[in-house]
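Asks: Structure: entry29.pdb, PDB, C-alpha atoms, pLDDT in the B column.
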MODEL        1
ATOM      1  CA  MET A   1     159.921 -90.901 196.044  1.00 34.00           C
ATOM      2  CA  ALA A   2     156.374 -89.565 196.402  1.00 36.00           C
ATOM      3  CA  ALA A   3     156.093 -90.923 199.928  1.00 36.00           C
ATOM      4  CA  ARG A   4     159.392 -89.259 200.883  1.00 32.00           C
ATOM      5  CA  TRP A   5     158.247 -85.867 199.553  1.00 32.00           C
ATOM      6  CA  LEU A   6     154.969 -86.292 201.379  1.00 38.00           C
ATOM      7  CA  LEU A   7     156.761 -86.935 204.654  1.00 34.00           C
ATOM      8  CA  VAL A   8     158.937 -83.845 204.123  1.00 32.00           C
ATOM      9  CA  LEU A   9     155.907 -81.662 203.543  1.00 36.00           C
ATOM     10  CA  LEU A  10     154.077 -82.912 206.609  1.00 38.00           C
ATOM     11  CA  VAL A  11     157.115 -82.408 208.816  1.00 32.00           C
ATOM     12  CA  ALA A  12     157.987 -79.015 207.356  1.00 35.00           C
ATOM     13  CA  TRP A  13     154.518 -77.541 207.684  1.00 41.00           C
ATOM     14  CA  PRO A  14     154.175 -76.283 211.291  1.00 41.00           C
ATOM     15  CA  GLY A  15     150.435 -76.965 211.543  1.00 41.00           C
ATOM     16  CA  ALA A  16     150.579 -80.461 210.088  1.00 44.00           C
ATOM     17  CA  THR A  17     150.738 -82.299 213.407  1.00 45.00           C
ATOM     18  CA  GLY A  18     149.407 -85.795 213.998  1.00 50.00           C
ATOM     19  CA  ALA A  19     146.335 -84.278 215.625  1.00 51.00           C
ATOM     20  CA  THR A  20     145.727 -82.090 212.555  1.00 49.00           C
ATOM     21  CA  VAL A  21     145.878 -85.080 210.236  1.00 48.00           C
ATOM     22  CA  ARG A  22     143.564 -87.078 212.494  1.00 55.00           C
ATOM     23  CA  ASP A  23     141.044 -84.257 212.855  1.00 64.00           C
ATOM     24  CA  SER A  24     141.017 -83.662 209.113  1.00 77.00           C
ATOM     25  CA  VAL A  25     139.450 -87.082 208.471  1.00 89.00           C
ATOM     26  CA  LEU A  26     136.828 -86.948 211.202  1.00 92.00           C
ATOM     27  CA  ASN A  27     133.307 -85.623 210.622  1.00 95.00           C
ATOM     28  CA  VAL A  28     133.880 -84.698 206.964  1.00 96.00           C
ATOM     29  CA  CYS A  29     132.037 -84.973 203.659  1.00 96.00           C
ATOM     30  CA  MET A  30     133.567 -86.232 200.427  1.00 93.00           C
ATOM     31  CA  ASP A  31     134.123 -83.920 197.506  1.00 91.00           C
ATOM     32  CA  ALA A  32     131.706 -85.866 195.311  1.00 88.00           C
ATOM     33  CA  LYS A  33     128.730 -85.280 193.064  1.00 87.00           C
ATOM     34  CA  HIS A  34     125.893 -84.792 195.572  1.00 92.00           C
ATOM     35  CA  HIS A  35     127.580 -84.337 198.951  1.00 94.00           C
ATOM     36  CA  LYS A  36     127.204 -81.261 201.129  1.00 95.00           C
ATOM     37  CA  ALA A  37     130.336 -79.223 201.803  1.00 94.00           C
ATOM     38  CA  GLU A  38     130.118 -79.975 205.516  1.00 96.00           C
ATOM     39  CA  PRO A  39     128.078 -82.426 207.607  1.00 96.00           C
ATOM     40  CA  GLY A  40     125.239 -81.225 209.779  1.00 96.00           C
ATOM     41  CA  PRO A  41     121.734 -82.065 211.001  1.00 96.00           C
ATOM     42  CA  GLU A  42     119.011 -82.440 208.386  1.00 94.00           C
ATOM     43  CA  GLY A  43     115.955 -82.785 210.593  1.00 86.00           C
ATOM     44  CA  GLU A  44     114.317 -85.331 208.332  1.00 90.00           C
ATOM     45  CA  LEU A  45     115.893 -87.732 205.871  1.00 95.00           C
ATOM     46  CA  TYR A  46     113.865 -90.177 203.824  1.00 96.00           C
ATOM     47  CA  GLY A  47     113.406 -93.863 204.588  1.00 95.00           C
ATOM     48  CA  GLN A  48     116.534 -95.891 205.236  1.00 96.00           C
ATOM     49  CA  CYS A  49     118.740 -92.781 205.145  1.00 96.00           C
ATOM     50  CA  SER A  50     117.034 -91.459 208.286  1.00 95.00           C
ATOM     51  CA  LEU A  51     119.739 -93.115 210.405  1.00 96.00           C
ATOM     52  CA  TRP A  52     122.000 -90.174 209.510  1.00 96.00           C
ATOM     53  CA  LYS A  53     119.531 -87.305 210.075  1.00 95.00           C
ATOM     54  CA  ASP A  54     121.330 -85.987 213.176  1.00 94.00           C
ATOM     55  CA  ASN A  55     124.563 -85.441 211.251  1.00 96.00           C
ATOM     56  CA  ALA A  56     124.535 -85.984 207.502  1.00 96.00           C
ATOM     57  CA  CYS A  57     126.492 -85.242 204.353  1.00 97.00           C
ATOM     58  CA  CYS A  58     123.329 -85.652 202.263  1.00 96.00           C
ATOM     59  CA  THR A  59     120.267 -83.450 201.842  1.00 95.00           C
ATOM     60  CA  ALA A  60     116.689 -84.621 202.270  1.00 96.00           C
ATOM     61  CA  ASN A  61     116.225 -84.618 198.494  1.00 95.00           C
ATOM     62  CA  THR A  62     119.303 -86.792 197.972  1.00 95.00           C
ATOM     63  CA  SER A  63     117.983 -89.262 200.553  1.00 95.00           C
ATOM     64  CA  LEU A  64     114.669 -89.461 198.676  1.00 95.00           C
ATOM     65  CA  GLU A  65     116.390 -90.054 195.340  1.00 94.00           C
ATOM     66  CA  ALA A  66     118.509 -92.815 196.885  1.00 94.00           C
ATOM     67  CA  HIS A  67     115.345 -94.927 197.224  1.00 94.00           C
ATOM     68  CA  LYS A  68     114.197 -94.613 193.609  1.00 90.00           C
ATOM     69  CA  ASP A  69     114.770 -97.348 191.043  1.00 84.00           C
ATOM     70  CA  GLN A  70     115.704 -94.696 188.504  1.00 77.00           C
ATOM     71  CA  SER A  71     116.937 -91.558 190.264  1.00 78.00           C
ATOM     72  CA  TYR A  72     118.718 -88.466 189.026  1.00 81.00           C
ATOM     73  CA  LEU A  73     121.676 -89.225 191.329  1.00 87.00           C
ATOM     74  CA  TYR A  74     123.501 -91.476 188.861  1.00 89.00           C
ATOM     75  CA  SER A  75     120.754 -92.713 186.481  1.00 90.00           C
ATOM     76  CA  PHE A  76     121.612 -96.188 187.714  1.00 92.00           C
ATOM     77  CA  ASN A  77     119.074 -98.983 187.231  1.00 92.00           C
ATOM     78  CA  TRP A  78     119.089-101.746 189.845  1.00 94.00           C
ATOM     79  CA  ASP A  79     116.755-103.791 187.622  1.00 95.00           C
ATOM     80  CA  HIS A  80     119.200-104.312 184.744  1.00 95.00           C
ATOM     81  CA  CYS A  81     118.651-108.092 184.801  1.00 97.00           C
ATOM     82  CA  GLY A  82     115.010-108.218 185.727  1.00 96.00           C
ATOM     83  CA  VAL A  83     113.378-106.855 188.848  1.00 96.00           C
ATOM     84  CA  MET A  84     115.734-106.949 191.827  1.00 96.00           C
ATOM     85  CA  PRO A  85     113.980-108.521 194.853  1.00 97.00           C
ATOM     86  CA  PRO A  86     113.142-105.939 197.565  1.00 97.00           C
ATOM     87  CA  ARG A  87     115.117-107.882 200.192  1.00 97.00           C
ATOM     88  CA  CYS A  88     118.205-107.443 198.008  1.00 98.00           C
ATOM     89  CA  LYS A  89     117.505-103.888 196.877  1.00 97.00           C
ATOM     90  CA  ARG A  90     117.303-102.623 200.450  1.00 97.00           C
ATOM     91  CA  HIS A  91     121.009-103.358 200.891  1.00 97.00           C
ATOM     92  CA  PHE A  92     121.945-101.321 197.824  1.00 97.00           C
ATOM     93  CA  ILE A  93     119.727 -98.491 199.083  1.00 96.00           C
ATOM     94  CA  GLN A  94     121.458 -98.685 202.457  1.00 97.00           C
ATOM     95  CA  ASP A  95     124.842 -98.724 200.751  1.00 97.00           C
ATOM     96  CA  THR A  96     123.815 -95.582 198.836  1.00 96.00           C
ATOM     97  CA  CYS A  97     122.668 -93.929 202.065  1.00 96.00           C
ATOM     98  CA  LEU A  98     125.998 -94.692 203.735  1.00 97.00           C
ATOM     99  CA  TYR A  99     127.938 -93.358 200.756  1.00 96.00           C
ATOM    100  CA  GLU A 100     125.889 -90.167 200.378  1.00 96.00           C
ATOM    101  CA  CYS A 101     125.093 -89.385 204.014  1.00 96.00           C
ATOM    102  CA  SER A 102     127.872 -90.642 206.287  1.00 97.00           C
ATOM    103  CA  PRO A 103     130.314 -88.103 207.794  1.00 97.00           C
ATOM    104  CA  ASN A 104     132.423 -90.976 209.173  1.00 97.00           C
ATOM    105  CA  LEU A 105     134.238 -92.230 206.070  1.00 97.00           C
ATOM    106  CA  GLY A 106     137.145 -89.781 206.201  1.00 96.00           C
ATOM    107  CA  PRO A 107     139.927 -92.295 206.923  1.00 96.00           C
ATOM    108  CA  TRP A 108     139.105 -94.048 203.640  1.00 96.00           C
ATOM    109  CA  ILE A 109     138.612 -91.068 201.335  1.00 94.00           C
ATOM    110  CA  ASP A 110     140.766 -91.284 198.232  1.00 92.00           C
ATOM    111  CA  GLN A 111     141.496 -88.710 195.517  1.00 87.00           C
ATOM    112  CA  VAL A 112     140.218 -89.538 192.024  1.00 80.00           C
ATOM    113  CA  GLY A 113     140.660 -87.916 188.637  1.00 68.00           C
ATOM    114  CA  ALA A 114     138.133 -86.462 186.233  1.00 57.00           C
ATOM    115  CA  GLY A 115     135.652 -88.970 184.870  1.00 55.00           C
ATOM    116  CA  ALA A 116     135.727 -91.275 187.892  1.00 56.00           C
ATOM    117  CA  PRO A 117     132.345 -92.714 188.975  1.00 56.00           C
ATOM    118  CA  HIS A 118     130.359 -90.484 191.328  1.00 53.00           C
ATOM    119  CA  SER A 119     132.961 -87.700 191.223  1.00 52.00           C
ATOM    120  CA  PRO A 120     132.496 -84.087 190.079  1.00 51.00           C
ATOM    121  CA  PRO A 121     133.397 -83.340 186.418  1.00 52.00           C
ATOM    122  CA  GLY A 122     136.870 -82.102 187.354  1.00 55.00           C
ATOM    123  CA  GLY A 123     137.600 -85.018 189.663  1.00 63.00           C
ATOM    124  CA  GLY A 124     137.042 -85.334 193.376  1.00 83.00           C
ATOM    125  CA  GLU A 125     137.018 -88.063 195.990  1.00 91.00           C
ATOM    126  CA  ARG A 126     135.762 -91.588 196.560  1.00 92.00           C
ATOM    127  CA  ILE A 127     135.979 -94.155 199.340  1.00 95.00           C
ATOM    128  CA  LEU A 128     138.442 -97.038 199.160  1.00 95.00           C
ATOM    129  CA  HIS A 129     138.771-100.166 201.349  1.00 97.00           C
ATOM    130  CA  VAL A 130     136.220 -99.186 204.003  1.00 98.00           C
ATOM    131  CA  PRO A 131     136.189-102.171 206.430  1.00 98.00           C
ATOM    132  CA  LEU A 132     132.568-103.293 206.298  1.00 98.00           C
ATOM    133  CA  CYS A 133     131.391-105.469 209.186  1.00 98.00           C
ATOM    134  CA  ARG A 134     131.217-109.190 208.518  1.00 98.00           C
ATOM    135  CA  GLU A 135     127.502-109.482 209.335  1.00 98.00           C
ATOM    136  CA  ASP A 136     126.593-106.644 206.979  1.00 98.00           C
ATOM    137  CA  CYS A 137     128.391-108.313 204.056  1.00 98.00           C
ATOM    138  CA  GLU A 138     127.018-111.734 204.889  1.00 98.00           C
ATOM    139  CA  GLN A 139     123.408-110.554 205.099  1.00 98.00           C
ATOM    140  CA  TRP A 140     123.800-108.511 201.908  1.00 98.00           C
ATOM    141  CA  TRP A 141     125.019-111.595 200.050  1.00 98.00           C
ATOM    142  CA  GLU A 142     122.388-113.879 201.582  1.00 98.00           C
ATOM    143  CA  ASP A 143     119.529-111.565 200.562  1.00 98.00           C
ATOM    144  CA  CYS A 144     120.922-111.042 197.040  1.00 98.00           C
ATOM    145  CA  LYS A 145     122.283-114.480 196.108  1.00 98.00           C
ATOM    146  CA  GLU A 146     119.177-115.363 194.059  1.00 98.00           C
ATOM    147  CA  ALA A 147     119.025-111.986 192.268  1.00 98.00           C
ATOM    148  CA  PHE A 148     120.553-111.534 188.810  1.00 98.00           C
ATOM    149  CA  THR A 149     123.254-109.295 187.373  1.00 98.00           C
ATOM    150  CA  CYS A 150     125.517-109.298 184.327  1.00 98.00           C
ATOM    151  CA  LYS A 151     128.558-107.553 185.800  1.00 97.00           C
ATOM    152  CA  GLU A 152     130.998-107.959 188.652  1.00 97.00           C
ATOM    153  CA  ASN A 153     132.172-104.331 188.825  1.00 96.00           C
ATOM    154  CA  TRP A 154     129.242-101.920 188.734  1.00 96.00           C
ATOM    155  CA  HIS A 155     131.412 -98.808 188.548  1.00 92.00           C
ATOM    156  CA  LYS A 156     132.327 -99.222 184.891  1.00 93.00           C
ATOM    157  CA  GLY A 157     131.737-101.066 181.636  1.00 95.00           C
ATOM    158  CA  TRP A 158     127.986-100.507 181.233  1.00 96.00           C
ATOM    159  CA  ASN A 159     126.174 -99.607 178.033  1.00 96.00           C
ATOM    160  CA  TRP A 160     124.931 -96.036 178.676  1.00 94.00           C
ATOM    161  CA  THR A 161     123.569 -95.280 175.196  1.00 95.00           C
ATOM    162  CA  SER A 162     119.989 -95.211 176.499  1.00 93.00           C
ATOM    163  CA  GLY A 163     120.834 -92.785 179.314  1.00 92.00           C
ATOM    164  CA  THR A 164     120.810 -95.493 181.953  1.00 92.00           C
ATOM    165  CA  ASN A 165     123.007 -98.513 182.565  1.00 94.00           C
ATOM    166  CA  ARG A 166     122.329-101.596 180.482  1.00 95.00           C
ATOM    167  CA  CYS A 167     124.276-104.818 180.284  1.00 97.00           C
ATOM    168  CA  PRO A 168     127.149-104.624 177.791  1.00 96.00           C
ATOM    169  CA  ARG A 169     126.746-106.546 174.561  1.00 94.00           C
ATOM    170  CA  GLY A 170     127.596-110.200 174.915  1.00 93.00           C
ATOM    171  CA  SER A 171     127.174-110.305 178.686  1.00 96.00           C
ATOM    172  CA  LEU A 172     124.820-112.791 180.341  1.00 97.00           C
ATOM    173  CA  CYS A 173     122.569-112.296 183.336  1.00 98.00           C
ATOM    174  CA  ARG A 174     123.600-114.705 186.072  1.00 98.00           C
ATOM    175  CA  ARG A 175     122.698-115.217 189.701  1.00 98.00           C
ATOM    176  CA  PHE A 176     124.591-113.104 192.198  1.00 98.00           C
ATOM    177  CA  SER A 177     125.918-116.302 193.759  1.00 98.00           C
ATOM    178  CA  ALA A 178     127.671-117.101 190.460  1.00 98.00           C
ATOM    179  CA  VAL A 179     129.019-113.597 189.862  1.00 98.00           C
ATOM    180  CA  PHE A 180     129.903-113.056 193.542  1.00 98.00           C
ATOM    181  CA  PRO A 181     130.693-116.495 195.040  1.00 98.00           C
ATOM    182  CA  SER A 182     131.092-115.185 198.600  1.00 98.00           C
ATOM    183  CA  PRO A 183     130.068-112.244 200.804  1.00 98.00           C
ATOM    184  CA  ALA A 184     133.606-110.886 200.515  1.00 98.00           C
ATOM    185  CA  ALA A 185     133.448-111.021 196.722  1.00 98.00           C
ATOM    186  CA  LEU A 186     130.206-109.020 196.684  1.00 98.00           C
ATOM    187  CA  CYS A 187     131.294-106.334 199.147  1.00 98.00           C
ATOM    188  CA  GLU A 188     134.744-105.854 197.660  1.00 98.00           C
ATOM    189  CA  ARG A 189     134.133-106.151 193.923  1.00 97.00           C
ATOM    190  CA  VAL A 190     130.752-104.567 193.219  1.00 97.00           C
ATOM    191  CA  TRP A 191     132.009-100.979 193.713  1.00 96.00           C
ATOM    192  CA  SER A 192     135.698-101.268 192.753  1.00 94.00           C
ATOM    193  CA  HIS A 193     136.936-102.075 196.273  1.00 96.00           C
ATOM    194  CA  SER A 194     135.108 -99.214 197.930  1.00 96.00           C
ATOM    195  CA  TYR A 195     134.609-101.738 200.723  1.00 98.00           C
ATOM    196  CA  ARG A 196     136.843-104.324 202.311  1.00 98.00           C
ATOM    197  CA  PHE A 197     135.273-107.402 203.872  1.00 98.00           C
ATOM    198  CA  SER A 198     136.140-107.320 207.561  1.00 98.00           C
ATOM    199  CA  ALA A 199     136.517-110.549 209.506  1.00 96.00           C
ATOM    200  CA  LEU A 200     135.473-108.522 212.546  1.00 97.00           C
ATOM    201  CA  GLY A 201     131.863-108.344 213.677  1.00 96.00           C
ATOM    202  CA  ARG A 202     129.657-105.418 214.619  1.00 96.00           C
ATOM    203  CA  ALA A 203     130.371-105.843 218.330  1.00 95.00           C
ATOM    204  CA  SER A 204     134.087-105.255 217.754  1.00 96.00           C
ATOM    205  CA  GLY A 205     133.729-101.523 217.177  1.00 95.00           C
ATOM    206  CA  ARG A 206     136.427-101.868 214.516  1.00 97.00           C
ATOM    207  CA  CYS A 207     134.334-102.028 211.344  1.00 98.00           C
ATOM    208  CA  ILE A 208     131.854 -99.738 209.600  1.00 98.00           C
ATOM    209  CA  ARG A 209     128.197-100.720 209.837  1.00 97.00           C
ATOM    210  CA  LEU A 210     125.496-100.264 207.222  1.00 96.00           C
ATOM    211  CA  TRP A 211     122.760-100.907 209.765  1.00 94.00           C
ATOM    212  CA  TRP A 212     122.300-100.016 213.431  1.00 93.00           C
ATOM    213  CA  ASP A 213     119.632 -99.199 215.995  1.00 93.00           C
ATOM    214  CA  PRO A 214     119.007 -95.427 215.838  1.00 90.00           C
ATOM    215  CA  ALA A 215     118.159 -95.441 219.547  1.00 90.00           C
ATOM    216  CA  GLU A 216     121.792 -96.384 220.259  1.00 89.00           C
ATOM    217  CA  GLY A 217     123.336 -93.645 218.112  1.00 91.00           C
ATOM    218  CA  ASN A 218     125.730 -93.855 215.165  1.00 95.00           C
ATOM    219  CA  PRO A 219     128.502 -96.388 215.993  1.00 96.00           C
ATOM    220  CA  ASN A 220     130.610 -95.441 212.953  1.00 97.00           C
ATOM    221  CA  ALA A 221     131.934 -92.215 214.464  1.00 96.00           C
ATOM    222  CA  ALA A 222     133.934 -94.209 217.029  1.00 96.00           C
ATOM    223  CA  VAL A 223     135.184 -96.580 214.311  1.00 97.00           C
ATOM    224  CA  ALA A 224     136.469 -93.677 212.218  1.00 96.00           C
ATOM    225  CA  ARG A 225     138.161 -92.198 215.285  1.00 96.00           C
ATOM    226  CA  PHE A 226     139.888 -95.522 215.987  1.00 96.00           C
ATOM    227  CA  TYR A 227     141.341 -95.798 212.479  1.00 95.00           C
ATOM    228  CA  ALA A 228     142.232 -92.095 212.281  1.00 93.00           C
ATOM    229  CA  SER A 229     144.245 -92.462 215.501  1.00 87.00           C
ATOM    230  CA  GLY A 230     146.718 -94.660 213.678  1.00 76.00           C
ATOM    231  CA  ALA A 231     145.767 -97.755 215.638  1.00 58.00           C
ATOM    232  CA  ALA A 232     145.408 -99.588 212.319  1.00 49.00           C
ATOM    233  CA  PRO A 233     146.109 -98.629 208.693  1.00 46.00           C
ATOM    234  CA  PRO A 234     143.029 -96.700 207.490  1.00 44.00           C
ATOM    235  CA  GLY A 235     144.032 -96.423 203.828  1.00 45.00           C
ATOM    236  CA  PRO A 236     145.213 -93.307 201.965  1.00 46.00           C
ATOM    237  CA  PRO A 237     145.290 -90.259 204.310  1.00 46.00           C
ATOM    238  CA  ARG A 238     143.187 -87.162 203.744  1.00 47.00           C
ATOM    239  CA  LEU A 239     145.776 -84.398 203.893  1.00 47.00           C
ATOM    240  CA  PRO A 240     145.368 -80.936 205.429  1.00 44.00           C
ATOM    241  CA  VAL A 241     144.845 -78.286 202.768  1.00 42.00           C
ATOM    242  CA  PRO A 242     148.348 -76.721 203.153  1.00 43.00           C
ATOM    243  CA  ALA A 243     150.003 -80.088 202.504  1.00 42.00           C
ATOM    244  CA  VAL A 244     147.873 -80.688 199.410  1.00 40.00           C
ATOM    245  CA  LEU A 245     148.776 -77.250 198.074  1.00 39.00           C
ATOM    246  CA  GLY A 246     152.423 -78.010 198.682  1.00 40.00           C
ATOM    247  CA  LEU A 247     152.183 -81.224 196.695  1.00 35.00           C
ATOM    248  CA  LEU A 248     150.580 -79.430 193.783  1.00 37.00           C
ATOM    249  CA  LEU A 249     153.667 -77.211 193.557  1.00 37.00           C
ATOM    250  CA  LEU A 250     155.893 -80.217 192.967  1.00 35.00           C
ATOM    251  CA  PRO A 251     155.652 -81.316 189.298  1.00 36.00           C
ATOM    252  CA  ALA A 252     157.468 -84.587 190.003  1.00 34.00           C
ATOM    253  CA  VAL A 253     154.736 -85.880 192.286  1.00 31.00           C
ATOM    254  CA  ARG A 254     151.564 -84.394 190.821  1.00 25.00           C
ATOM    255  CA  GLY A 255     150.923 -87.566 188.903  1.00 32.00           C
ATOM    256  CA  VAL A 256     150.480 -89.617 192.079  1.00 30.00           C
ATOM    257  CA  LEU A 257     147.494 -87.612 193.305  1.00 23.00           C
TER
ENDMDL
END
Before we go any further, please render this structure as structure tokens.

Replies:
Amino acid sequence: MAARWLLVLLVAWPGATGATVRDSVLNVCMDAKHHKAEPGPEGELYGQCSLWKDNACCTANTSLEAHKDQSYLYSFNWDHCGVMPPRCKRHFIQDTCLYECSPNLGPWIDQVGAGAPHSPPGGGERILHVPLCREDCEQWWEDCKEAFTCKENWHKGWNWTSGTNRCPRGSLCRRFSAVFPSPAALCERVWSHSYRFSALGRASGRCIRLWWDPAEGNPNAAVARFYASGAAPPGPPRLPVPAVLGLLLLPAVRGVL
């Protein structure tokens, strides 16, 4: 029923053409806790986030905080089961940089309600099922397999009584390789399926990369354009504002947003 109403709205609204829908998910920032309203050049971004300095959804200060073990961004502690090895931590920093800074995640932006991780108090947006390149997941797992954690899903279930995340009572710290038995398990489960393990490699141009050579430019813009074109299912669509407003006027389908 919801899908049928959605189709009616998109057809009935004169400006809601295929091109409008495609353009609406390209070069955009999420409505999330620390994102800018619109992407743009930052001049200088800190450390690993510098890959996005030419066109970023994050500020320089956000990029600096992304590198701290205990930052104001989410008060999240990487070292909840002992000190996380630097070779492992760099992947989580890079993951944070992609999430905060990338303007190329539009095809996978999903609406979330109030109280969702990383969203504004009244709700906002997250990413869901971003196809992460095989090599990026494999290297992430390889560099983290000897590190320790007590949870499979890092988005929820922590003990926050101290102001930062601690392992819930009764949980045990185990090696990543036991909690996440494969690269796919790590990439897909650690952030509630924000990522999807892609069988495709970086050279395919059909998966999002965490890492690239800055001299060659950002390859993820072309990947987002490919999925936004409808060449493959990108996940839930980011609707033009008129269509979203139309949905909000329909009580029967408000609950699906």

Asks: Considering only C-alpha atoms, return as a list in words whatever protein or nucleic-acid residues lie within 12 Å of A:Ser204, sequence-local ones (same chain, fewer than 5 positions apart) excluded.

Replies: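 That gives Pro131, Leu132, Cys133, Arg134, Glu135, Ser198, Ala199, Arg209, Pro219, Asn220, Ala222, Val223 and Phe226 of chain A.
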
Asks: Atoms to include: C-alpha atoms. Write the selected residues as a short mmCIF file (atom, residue, chain, number, x, y, z; two decimals), keeping the file's coordinate frame.

Replies:
data_model
loop_
_atom_site.label_atom_id
_atom_site.label_comp_id
_atom_site.auth_asym_id
_atom_site.auth_seq_id
_atom_site.Cartn_x
_atom_site.Cartn_y
_atom_site.Cartn_z
CA PRO A 131 136.19 -102.17 206.43
CA LEU A 132 132.57 -103.29 206.30
CA CYS A 133 131.39 -105.47 209.19
CA ARG A 134 131.22 -109.19 208.52
CA GLU A 135 127.50 -109.48 209.34
CA SER A 198 136.14 -107.32 207.56
CA ALA A 199 136.52 -110.55 209.51
CA ARG A 209 128.20 -100.72 209.84
CA PRO A 219 128.50 -96.39 215.99
CA ASN A 220 130.61 -95.44 212.95
CA ALA A 222 133.93 -94.21 217.03
CA VAL A 223 135.18 -96.58 214.31
CA PHE A 226 139.89 -95.52 215.99
#

Asks: With 12 Å as the cut-off and only C-alpha atoms counted, what is the closest atom pair between each nearby residue of stretch 146-169 of chain A and stretch 83-91 of chain A? Distances in Å to one decimal, ordered by chain and number, as a tab-separated table.

Replies:
residue	atom	partner	partner_atom	distance
A:Glu146	CA	A:Pro85	CA	8.6
A:Ala147	CA	A:Met84	CA	6.0
A:Phe148	CA	A:Met84	CA	7.3
A:Thr149	CA	A:Met84	CA	9.0

Asks: Using the chain letters and numbering of this document, enumerate as a count of residues only the residues selected by the PyMOL selection byres ((chain A and resi 170) around 12).

Replies: 11

Asks: Closest to A:Ala32 among A:Ile93, A:Ile109, A:Leu45, A:Ala60, using only C-alpha atoms?

Replies: A:Ile109

Asks: Nearest to A:Asp110 among A:Asn55, A:Arg175, A:Leu128, A:Leu98, with distances taken over all atoms listed in the file: which residue is it?

Replies: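 Among the listed residues, A:Leu128 lies closest to A:Asp110.
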
Asks: Report the residues retrieved by the PyMOL selection byres ((chain A and resi 29) around 7) from the displayed file, expressed as a short mmCIF file (atom, residue, chain, number, x, y, z; two decimals) with C-alpha atoms, in the coordinates of the input.

Replies:
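What ended up in out.cif:
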data_model
loop_
_atom_site.label_atom_id
_atom_site.label_comp_id
_atom_site.auth_asym_id
_atom_site.auth_seq_id
_atom_site.Cartn_x
_atom_site.Cartn_y
_atom_site.Cartn_z
CA VAL A 28 133.88 -84.70 206.96
CA MET A 30 133.57 -86.23 200.43
CA ASP A 31 134.12 -83.92 197.51
CA HIS A 35 127.58 -84.34 198.95
CA LYS A 36 127.20 -81.26 201.13
CA ALA A 37 130.34 -79.22 201.80
CA GLU A 38 130.12 -79.97 205.52
CA PRO A 39 128.08 -82.43 207.61
CA CYS A 57 126.49 -85.24 204.35
CA PRO A 103 130.31 -88.10 207.79
#

Asks: How many Å separate atom CA of A:Trp154 from atom CA of A:Cys187?

Replies: 11.5 Å

Asks: Give as number ranges by chain the residues that the PyMOL selection byres ((chain A and resi 107) around 6) matches when applied to the coordinates above.

Replies: A: 25, 105-106, 108-109, 228, 234

Asks: Nearest to A:Trp191: which of A:Asn27, A:Ser229, A:Thr59, A:Thr96 is it, counting all atoms listed in the file?

Replies: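 When distances to A:Trp191 are compared using all atoms listed in the file, the smallest one comes from A:Thr96.
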
Asks: Quick one: everything within 10 Å of A:His193, counting all atoms listed in the file, minus sequence neighbours fewer than 3 positions away in the same chain. Send it as a list in words.

Replies: Ile127, Leu128, His129, Val130, Asn153, Ala185, Leu186, Cys187, Glu188, Arg189, Val190, Arg196 and Phe197 of chain A

Asks: If you measure from atom CA of A:Trp211 to atom CA of A:Ser24, what distance in Å do you get, rounded to one decimal?

Replies: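 Straight-line distance from atom CA of A:Trp211 to atom CA of A:Ser24 works out to 25.1 Å.
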
Asks: Could you check how far atom CA of A:Pro41 sits from atom CA of A:Lys53, in Å to one decimal?

Replies: 5.8 Å

Asks: Identify which of the residues A:Ala224, A:Cys137, A:Leu210, A:Cys97 lies closest to A:Cys58, counting all atoms listed in the file when measuring atom-to-atom distances.

Replies: A:Cys97

Asks: Using all atoms listed in the file, pick whichever of A:Gly230, A:Asn77, A:Arg225, A:Pro214 has the shortest atom-to-atom distance to A:Asp54.

Replies: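 Checking each of A:Gly230, A:Asn77, A:Arg225, A:Pro214 against A:Asp54, counting all atoms listed in the file, the winner is A:Pro214.
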
Asks: For A:Asp95, which of A:Gly124, A:Ser63, A:Asn218, A:Gly82 is the closest residue, counting only C-alpha atoms?

Replies: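 Nearest candidate to A:Asp95 out of A:Gly124, A:Ser63, A:Asn218, A:Gly82: A:Ser63.
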